[in-house]
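Here is run_30.pdb, consisting of PDB, C-alpha atoms:
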```pdb
ATOM      1  CA  MET Y   1     137.063 137.308  41.910
ATOM      2  CA  ASP Y   2     136.567 135.213  45.051
ATOM      3  CA  PHE Y   3     139.580 134.382  47.128
ATOM      4  CA  ASP Y   4     140.047 130.624  47.524
ATOM      5  CA  LEU Y   5     141.488 130.478  51.023
ATOM      6  CA  ALA Y   6     141.821 126.679  51.196
ATOM      7  CA  ASP Y   7     143.717 126.543  47.920
ATOM      8  CA  CYS Y   8     145.907 129.479  48.942
ATOM      9  CA  LEU Y   9     146.768 127.833  52.274
ATOM     10  CA  ALA Y  10     147.647 124.573  50.521
ATOM     11  CA  ARG Y  11     150.035 126.435  48.219
ATOM     12  CA  VAL Y  12     151.553 128.383  51.126
ATOM     13  CA  ARG Y  13     152.211 125.074  52.868
ATOM     14  CA  GLN Y  14     154.075 123.900  49.772
ATOM     15  CA  GLY Y  15     156.295 126.943  50.136
ATOM     16  CA  GLU Y  16     154.858 128.983  47.272
ATOM     17  CA  ASP Y  17     155.929 132.593  47.713
ATOM     18  CA  ALA Y  18     153.160 134.081  45.552
ATOM     19  CA  ALA Y  19     150.491 132.346  47.633
ATOM     20  CA  ALA Y  20     152.005 133.738  50.855
ATOM     21  CA  ARG Y  21     151.869 137.238  49.365
ATOM     22  CA  ALA Y  22     148.270 136.745  48.288
ATOM     23  CA  LEU Y  23     147.346 135.537  51.770
ATOM     24  CA  VAL Y  24     148.886 138.620  53.402
ATOM     25  CA  GLY Y  25     147.051 140.884  50.956
ATOM     26  CA  HIS Y  26     143.773 139.111  51.645
ATOM     27  CA  LEU Y  27     144.056 139.200  55.450
ATOM     28  CA  TYR Y  28     145.593 142.666  55.819
ATOM     29  CA  PRO Y  29     142.318 144.655  56.326
ATOM     30  CA  PHE Y  30     141.062 142.067  58.805
ATOM     31  CA  VAL Y  31     144.286 142.067  60.830
ATOM     32  CA  MET Y  32     144.528 145.862  60.773
ATOM     33  CA  LYS Y  33     141.015 146.147  62.175
ATOM     34  CA  ILE Y  34     142.020 144.009  65.153
ATOM     35  CA  VAL Y  35     145.293 145.895  65.580
ATOM     36  CA  ARG Y  36     143.585 149.294  65.536
ATOM     37  CA  ALA Y  37     140.981 148.121  68.056
ATOM     38  CA  ASN Y  38     143.679 146.958  70.482
ATOM     39  CA  LEU Y  39     146.482 149.309  69.556
ATOM     40  CA  PRO Y  40     148.995 149.991  72.301
ATOM     41  CA  ARG Y  41     149.878 153.632  72.611
ATOM     42  CA  ARG Y  42     152.918 154.741  70.641
ATOM     43  CA  ALA Y  43     152.925 151.461  68.744
ATOM     44  CA  ASP Y  44     153.134 151.464  64.991
ATOM     45  CA  PRO Y  45     150.135 149.504  63.657
ATOM     46  CA  GLU Y  46     152.125 148.385  60.622
ATOM     47  CA  ASP Y  47     154.896 146.932  62.776
ATOM     48  CA  LEU Y  48     152.348 145.062  64.868
ATOM     49  CA  ALA Y  49     150.614 143.736  61.745
ATOM     50  CA  GLN Y  50     153.966 142.629  60.343
ATOM     51  CA  ASP Y  51     154.793 140.719  63.546
ATOM     52  CA  ILE Y  52     151.364 139.094  63.478
ATOM     53  CA  PHE Y  53     151.790 137.866  59.901
ATOM     54  CA  VAL Y  54     155.255 136.485  60.624
ATOM     55  CA  LYS Y  55     153.843 134.694  63.667
ATOM     56  CA  MET Y  56     151.007 133.369  61.546
ATOM     57  CA  PHE Y  57     153.432 131.859  59.027
ATOM     58  CA  SER Y  58     155.682 130.416  61.702
ATOM     59  CA  HIS Y  59     152.741 128.604  63.362
ATOM     60  CA  LEU Y  60     150.952 127.625  60.176
ATOM     61  CA  ASP Y  61     151.734 123.944  60.663
ATOM     62  CA  GLN Y  62     149.726 124.080  63.907
ATOM     63  CA  PHE Y  63     146.536 125.115  62.119
ATOM     64  CA  ARG Y  64     144.428 121.965  61.833
ATOM     65  CA  GLY Y  65     141.226 123.510  60.492
ATOM     66  CA  ALA Y  66     139.214 122.909  63.685
ATOM     67  CA  VAL Y  67     138.150 126.569  63.588
ATOM     68  CA  PRO Y  68     137.860 128.908  60.591
ATOM     69  CA  PHE Y  69     141.231 130.266  59.547
ATOM     70  CA  GLU Y  70     140.160 133.862  60.250
ATOM     71  CA  HIS Y  71     139.343 132.930  63.866
ATOM     72  CA  TRP Y  72     142.748 131.360  64.230
ATOM     73  CA  VAL Y  73     144.478 134.466  62.839
ATOM     74  CA  ALA Y  74     142.289 136.696  65.033
ATOM     75  CA  ARG Y  75     143.472 134.793  68.100
ATOM     76  CA  ILE Y  76     147.110 135.297  67.128
ATOM     77  CA  ALA Y  77     146.487 138.988  66.453
ATOM     78  CA  THR Y  78     144.572 139.572  69.683
ATOM     79  CA  ASN Y  79     147.144 137.820  71.848
ATOM     80  CA  HIS Y  80     149.968 139.654  70.130
ATOM     81  CA  CYS Y  81     148.316 143.028  70.793
ATOM     82  CA  ILE Y  82     147.663 142.098  74.429
ATOM     83  CA  ASN Y  83     151.318 141.142  74.862
ATOM     84  CA  ALA Y  84     152.411 144.405  73.253
ATOM     85  CA  LEU Y  85     150.169 146.351  75.629
ATOM     86  CA  ARG Y  86     151.515 144.412  78.598
ATOM     87  CA  ALA Y  87     155.065 145.111  77.497
ATOM     88  CA  GLN Y  88     154.375 148.837  77.599
ATOM     89  CA  ARG Y  89     152.907 148.605  81.091
ATOM     90  CA  ILE Y  90     151.075 151.836  80.550
ATOM     91  CA  ARG Y  91     148.053 152.735  82.600
ATOM     92  CA  PRO Y  92     147.595 156.365  81.615
ATOM     93  CA  GLU Y  93     146.098 158.528  84.279
ATOM     94  CA  TRP Y  94     143.876 160.851  82.377
ATOM     95  CA  ARG Y  95     142.455 164.007  83.803
ATOM     96  CA  MET Y  96     139.291 165.857  82.926
ATOM     97  CA  ALA Y  97     141.569 168.628  81.693
ATOM     98  CA  ASP Y  98     142.779 166.212  79.004
ATOM     99  CA  LEU Y  99     139.306 166.128  77.540
ATOM    100  CA  GLY Y 100     138.306 168.629  74.939
ATOM    101  CA  GLU Y 101     135.039 170.571  74.871
ATOM    102  CA  ASP Y 102     133.580 167.966  72.505
ATOM    103  CA  HIS Y 103     134.217 165.215  75.028
ATOM    104  CA  ALA Y 104     132.782 167.196  77.904
ATOM    105  CA  GLY Y 105     129.750 167.877  75.713
ATOM    106  CA  VAL Y 106     129.350 164.160  75.060
ATOM    107  CA  VAL Y 107     129.496 163.408  78.792
ATOM    108  CA  GLU Y 108     126.790 165.974  79.439
ATOM    109  CA  ALA Y 109     124.660 164.734  76.547
ATOM    110  CA  ILE Y 110     124.699 161.080  77.523
ATOM    111  CA  ALA Y 111     123.878 162.056  81.092
ATOM    112  CA  SER Y 112     120.852 164.066  80.032
ATOM    113  CA  ASP Y 113     119.359 162.750  76.785
ATOM    114  CA  LEU Y 114     118.106 159.239  77.144
ATOM    115  CA  ASP Y 115     117.338 157.888  73.717
ATOM    116  CA  ARG Y 116     118.448 160.227  70.993
ATOM    117  CA  ASP Y 117     121.006 159.257  68.386
ATOM    118  CA  PRO Y 118     124.303 161.150  68.292
ATOM    119  CA  HIS Y 119     125.359 163.627  65.636
ATOM    120  CA  PRO Y 120     128.376 162.395  63.627
ATOM    121  CA  GLY Y 121     130.691 164.614  65.675
ATOM    122  CA  GLU Y 122     129.226 163.336  68.924
ATOM    123  CA  ALA Y 123     129.687 159.720  67.810
ATOM    124  CA  LEU Y 124     133.357 160.377  67.125
ATOM    125  CA  GLY Y 125     133.698 162.203  70.446
ATOM    126  CA  ALA Y 126     132.051 159.256  72.204
ATOM    127  CA  ARG Y 127     134.467 156.869  70.524
ATOM    128  CA  GLU Y 128     137.481 158.941  71.644
ATOM    129  CA  LEU Y 129     136.107 159.224  75.148
ATOM    130  CA  LEU Y 130     135.547 155.496  75.318
ATOM    131  CA  ASP Y 131     139.097 154.883  74.068
ATOM    132  CA  LEU Y 132     140.386 157.035  76.928
ATOM    133  CA  LEU Y 133     138.376 155.027  79.439
ATOM    134  CA  LEU Y 134     139.460 151.717  77.896
ATOM    135  CA  ALA Y 135     143.089 152.797  78.188
ATOM    136  CA  GLY Y 136     142.629 152.622  81.957
ATOM    137  CA  LEU Y 137     141.808 148.913  81.786
ATOM    138  CA  SER Y 138     144.240 146.026  81.562
ATOM    139  CA  PRO Y 139     144.877 144.734  78.016
ATOM    140  CA  ARG Y 140     142.692 141.681  78.644
ATOM    141  CA  GLU Y 141     139.833 143.733  80.067
ATOM    142  CA  ARG Y 142     140.061 146.233  77.267
ATOM    143  CA  MET Y 143     139.908 143.492  74.664
ATOM    144  CA  LEU Y 144     136.880 141.921  76.347
ATOM    145  CA  ILE Y 145     134.928 145.200  76.442
ATOM    146  CA  GLN Y 146     135.926 145.809  72.835
ATOM    147  CA  LEU Y 147     134.617 142.423  71.705
ATOM    148  CA  LEU Y 148     131.517 142.094  73.868
ATOM    149  CA  GLU Y 149     130.255 145.644  74.097
ATOM    150  CA  LEU Y 150     131.523 147.352  70.980
ATOM    151  CA  GLU Y 151     131.546 144.488  68.501
ATOM    152  CA  ASP Y 152     128.583 142.728  70.126
ATOM    153  CA  ARG Y 153     130.267 139.311  70.160
ATOM    154  CA  THR Y 154     128.926 136.455  72.235
ATOM    155  CA  ILE Y 155     130.777 134.796  75.117
ATOM    156  CA  GLU Y 156     131.277 131.757  72.887
ATOM    157  CA  GLU Y 157     132.864 133.873  70.154
ATOM    158  CA  VAL Y 158     135.160 135.510  72.703
ATOM    159  CA  ARG Y 159     136.037 132.079  74.063
ATOM    160  CA  GLN Y 160     136.994 130.930  70.574
ATOM    161  CA  ARG Y 161     138.959 134.096  69.899
ATOM    162  CA  THR Y 162     140.958 133.982  73.117
ATOM    163  CA  GLY Y 163     141.139 130.278  73.874
ATOM    164  CA  TRP Y 164     139.969 130.943  77.468
ATOM    165  CA  SER Y 165     137.237 128.948  79.181
ATOM    166  CA  ALA Y 166     133.716 130.396  79.350
ATOM    167  CA  VAL Y 167     134.061 130.801  83.129
ATOM    168  CA  THR Y 168     137.317 132.729  82.739
ATOM    169  CA  VAL Y 169     135.688 135.012  80.185
ATOM    170  CA  ARG Y 170     132.652 135.649  82.417
ATOM    171  CA  VAL Y 171     134.762 136.423  85.474
ATOM    172  CA  ALA Y 172     137.069 138.719  83.511
ATOM    173  CA  VAL Y 173     134.107 140.527  81.936
ATOM    174  CA  PHE Y 174     132.542 141.015  85.351
ATOM    175  CA  ARG Y 175     135.726 142.685  86.589
ATOM    176  CA  ALA Y 176     136.184 144.702  83.412
ATOM    177  CA  ARG Y 177     132.668 146.142  83.616
ATOM    178  CA  ARG Y 178     133.051 146.972  87.279
ATOM    179  CA  LYS Y 179     136.339 148.732  86.610
ATOM    180  CA  LEU Y 180     134.940 150.622  83.639
ATOM    181  CA  ASN Y 181     132.001 151.802  85.754
ATOM    182  CA  ARG Y 182     134.447 153.029  88.370
ATOM    183  CA  LEU Y 183     136.589 154.837  85.802
ATOM    184  CA  TYR Y 184     133.511 156.508  84.345
ATOM    185  CA  ARG Y 185     132.357 157.663  87.774
ATOM    186  CA  GLU Y 186     135.830 159.036  88.519
ATOM    187  CA  MET Y 187     135.868 160.873  85.225
ATOM    188  CA  LYS Y 188     132.522 162.491  85.948
ATOM    189  CA  GLN Y 189     133.615 163.311  89.487
ATOM    190  CA  GLN Y 190     136.710 165.078  88.199
ATOM    191  CA  GLY Y 191     134.533 166.998  85.776
ATOM    192  CA  LYS Y 192     132.460 168.395  88.630
ATOM    193  CA  THR Y 193     135.436 169.502  90.720
TER     194      THR Y 193
ATOM    195  CA  MET O   1     126.876 139.340  85.362
ATOM    196  CA  ASN O   2     127.784 142.848  86.443
ATOM    197  CA  SER O   3     126.153 145.359  84.120
ATOM    198  CA  LEU O   4     127.405 148.670  82.904
ATOM    199  CA  ASP O   5     126.251 152.043  84.150
ATOM    200  CA  PRO O   6     123.339 153.148  81.890
ATOM    201  CA  GLU O   7     125.264 156.294  80.900
ATOM    202  CA  LEU O   8     128.288 154.238  80.016
ATOM    203  CA  ARG O   9     126.089 151.903  78.005
ATOM    204  CA  ARG O  10     124.787 154.930  76.122
ATOM    205  CA  LEU O  11     128.350 156.135  75.559
ATOM    206  CA  ILE O  12     129.179 152.750  74.029
ATOM    207  CA  ARG O  13     126.045 152.853  71.865
ATOM    208  CA  TRP O  14     127.111 156.264  70.578
ATOM    209  CA  ALA O  15     130.693 155.130  70.075
ATOM    210  CA  ARG O  16     129.457 152.226  67.959
ATOM    211  CA  GLN O  17     127.900 154.740  65.594
ATOM    212  CA  ALA O  18     131.227 156.434  64.902
ATOM    213  CA  PRO O  19     132.198 155.783  61.285
ATOM    214  CA  GLU O  20     134.622 152.904  60.825
ATOM    215  CA  PRO O  21     137.723 153.697  58.781
ATOM    216  CA  ALA O  22     137.475 152.252  55.270
ATOM    217  CA  PRO O  23     139.301 148.926  54.749
ATOM    218  CA  GLU O  24     142.829 149.810  53.840
ATOM    219  CA  PRO O  25     145.045 147.969  51.372
ATOM    220  CA  PRO O  26     148.549 147.047  52.542
ATOM    221  CA  PRO O  27     150.967 149.959  52.111
ATOM    222  CA  LEU O  28     153.607 149.786  49.421
ATOM    223  CA  GLY O  29     156.322 147.277  50.271
ATOM    224  CA  PHE O  30     154.456 145.795  53.233
ATOM    225  CA  ILE O  31     153.889 142.390  51.642
ATOM    226  CA  ALA O  32     157.506 142.248  50.484
ATOM    227  CA  ARG O  33     158.737 143.040  54.015
ATOM    228  CA  VAL O  34     156.515 140.370  55.535
ATOM    229  CA  ALA O  35     157.559 137.883  52.847
ATOM    230  CA  ALA O  36     161.227 138.597  53.533
ATOM    231  CA  ARG O  37     160.809 138.149  57.292
ATOM    232  CA  ALA O  38     158.616 135.090  56.913
ATOM    233  CA  ALA O  39     160.854 133.443  54.319
ATOM    234  CA  GLY O  40     162.561 131.415  57.017
ATOM    235  CA  GLU O  41     159.219 130.591  58.604
ATOM    236  CA  LEU O  42     157.493 129.246  55.509
ATOM    237  CA  PRO O  43     157.280 125.453  55.314
ATOM    238  CA  GLN O  44     159.999 123.974  53.163
ATOM    239  CA  SER O  45     159.194 121.664  50.280
ATOM    240  CA  GLU O  46     161.512 118.971  51.717
ATOM    241  CA  PRO O  47     160.246 117.321  54.885
ATOM    242  CA  GLY O  48     161.934 118.425  58.111
ATOM    243  CA  TRP O  49     162.996 114.921  59.125
ATOM    244  CA  TRP O  50     164.897 114.469  55.858
ATOM    245  CA  LEU O  51     166.801 117.723  56.394
ATOM    246  CA  ARG O  52     167.552 116.754  59.999
ATOM    247  CA  LEU O  53     168.834 113.359  58.830
ATOM    248  CA  GLN O  54     171.075 115.032  56.253
ATOM    249  CA  ASN O  55     172.483 117.355  58.896
ATOM    250  CA  LEU O  56     173.053 114.472  61.302
ATOM    251  CA  ALA O  57     174.890 112.476  58.626
ATOM    252  CA  LEU O  58     177.057 115.452  57.706
ATOM    253  CA  TRP O  59     178.100 116.223  61.286
ATOM    254  CA  SER O  60     178.649 112.541  62.118
ATOM    255  CA  SER O  61     180.954 112.134  59.116
ATOM    256  CA  LEU O  62     182.902 115.229  60.082
ATOM    257  CA  ALA O  63     183.228 113.994  63.680
ATOM    258  CA  ILE O  64     184.545 110.601  62.508
ATOM    259  CA  VAL O  65     187.100 112.257  60.211
ATOM    260  CA  VAL O  66     188.312 114.606  62.973
ATOM    261  CA  VAL O  67     188.620 111.786  65.553
ATOM    262  CA  GLY O  68     190.428 109.588  63.034
ATOM    263  CA  LEU O  69     192.900 112.317  62.125
ATOM    264  CA  THR O  70     193.546 113.069  65.796
ATOM    265  CA  LEU O  71     194.290 109.432  66.605
ATOM    266  CA  ALA O  72     196.541 109.048  63.568
ATOM    267  CA  THR O  73     198.496 112.177  64.488
ATOM    268  CA  ARG O  74     198.918 110.982  68.064
ATOM    269  CA  GLN O  75     200.259 107.621  66.908
ATOM    270  CA  VAL O  76     202.782 109.176  64.559
ATOM    271  CA  ARG O  77     204.015 111.674  67.142
ATOM    272  CA  ALA O  78     203.996 109.304  70.110
ATOM    273  CA  PRO O  79     207.467 108.657  71.644
ATOM    274  CA  ALA O  80     208.893 105.152  71.250
ATOM    275  CA  THR O  81     208.014 102.841  74.114
ATOM    276  CA  THR O  82     210.685 102.310  76.763
ATOM    277  CA  TYR O  83     210.101  98.581  76.590
ATOM    278  CA  ASP O  84     211.704  97.009  73.504
ATOM    279  CA  LEU O  85     209.737  93.833  72.906
ATOM    280  CA  ALA O  86     211.549  92.804  69.721
ATOM    281  CA  PRO O  87     213.957  90.329  71.494
ATOM    282  CA  ALA O  88     211.040  88.704  73.279
ATOM    283  CA  PHE O  89     209.201  88.200  69.984
ATOM    284  CA  GLN O  90     212.357  86.761  68.409
ATOM    285  CA  PHE O  91     212.809  84.369  71.324
ATOM    286  CA  ALA O  92     209.184  83.258  71.050
ATOM    287  CA  ALA O  93     209.450  82.830  67.296
ATOM    288  CA  HIS O  94     212.602  80.736  67.444
ATOM    289  CA  THR O  95     212.219  78.674  70.592
ATOM    290  CA  ILE O  96     208.548  78.338  71.464
ATOM    291  CA  ALA O  97     207.029  78.162  67.978
ATOM    292  CA  PRO O  98     209.809  77.413  65.476
TER     293      PRO O  98
END
```
Is it possible to give me this structure as structure tokens?
Amino acid sequence: MDFDLADCLARVRQGEDAAARALVGHLYPFVMKIVRANLPRRADPEDLAQDIFVKMFSHLDQFRGAVPFEHWVARIATNHCINALRAQRIRPEWRMADLGEDHAGVVEAIASDLDRDPHPGEALGARELLDLLLAGLSPRERMLIQLLELEDRTIEEVRQRTGWSAVTVRVAVFRARRKLNRLYREMKQQGKT
Amino acid sequence: MNSLDPELRRLIRWARQAPEPAPEPPPLGFIARVAARAAGELPQSEPGWWLRLQNLALWSSLAIVVVGLTLATRQVRAPATTYDLAPAFQFAAHTIAP
């Protein structure tokens, strides 16, 4: 059965408890995907999701329908995760020794093989390796790389998601890519020494 | 725009092929916890201005009652004035305006 979002929102606005529950159930997988993509270390994804839903309800009267509701919720979720990451103020300094053999194998493979597809294990290893590199970026930079490079979003979509201007997004992406390049070079350098 | 190192770009391409976790339903009790926390945040059926007006009326009435009681108490407990004006009133009543 299709979920009628407009009808559900109208009932939530009238204070109907069942509609609020249905809305949370409907949006939960979507919100969790954003939370897991931007998860601060040591944070409980459920707690973050709970905070995001409470924030969503408390600001519901500000939603005017100018953008799709999911975009609006995604903006709340993304900003909440960024704030949580900022609050932790963690910039983990990883070392090559932290990487397992799988990760080292992935680094070697991507440096040598140009166009082959990864084995399932290599894809997972690549994902973990990338997460380690992303952890060295600021929350904003990490989110931008996540959206533009991993999720293949456009600048316009990122602009809508974050509420930043296109120029701000472009400048921040420029810096994020430069920093990620540097982190990758450092990681490889440490691997050689 | 600054581009990524080709190896890094390949790493990202590989990472994108990692299986996504299956969409998960909310854990048991999650919706109830959110509902409980959001209960105060949900829009009320009565408009906010009406509630604010009710509150304003209530507190104004209480303030008037308290001020009134204070003034009444002060009057009752106030010491008698040192100036006794009764003879002056009597004089005025009998001589000026009989």
Can you translate the ChimeraX specification (/Y :<9) & /O into the concrete residues it hits in this file, as a count of residues only?
40
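Here atom CA of Y:Met187 and atom CA of Y:Ala104 stand 10.2 Å from one another.
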One-decimal distance in Å that lies between atom CA of Y:Arg11 and atom CA of O:Asn55:
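Value for the atom CA of O:Asn55-atom CA of Y:Arg11 distance: 26.5 Å.
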With 6 Å of padding per side, what axis-aligned box (centre and edge lengths, Å, one decimal) covers all the listed atoms of stretch 52-67 of chain O? Give it as lines of an AutoDock Vina configuration file.
```
center_x = 178.1
center_y = 114.0
center_z = 60.9
size_x = 33.1
size_y = 18.8
size_z = 21.3
```
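Of note, atom CA of Y:Asp102 and atom CA of Y:Glu141 are spaced 26.1 Å apart.
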All residues 8 Å or closer to stretch 161-164 of chain Y, all atoms listed in the file, same chain fewer than 3 positions away omitted, as a list in words:
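Near stretch 161-164 of chain Y, the qualifying residues are His71, Trp72, Ala74, Arg75, Thr78, Asn79, Glu157, Val158, Thr168 and Val169 of chain Y.
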If you count all atoms listed in the file, the residue of Y:Ile155, Y:Arg64, Y:Gly136, Y:Arg142 closest to Y:Leu9 turns out to be Y:Arg64
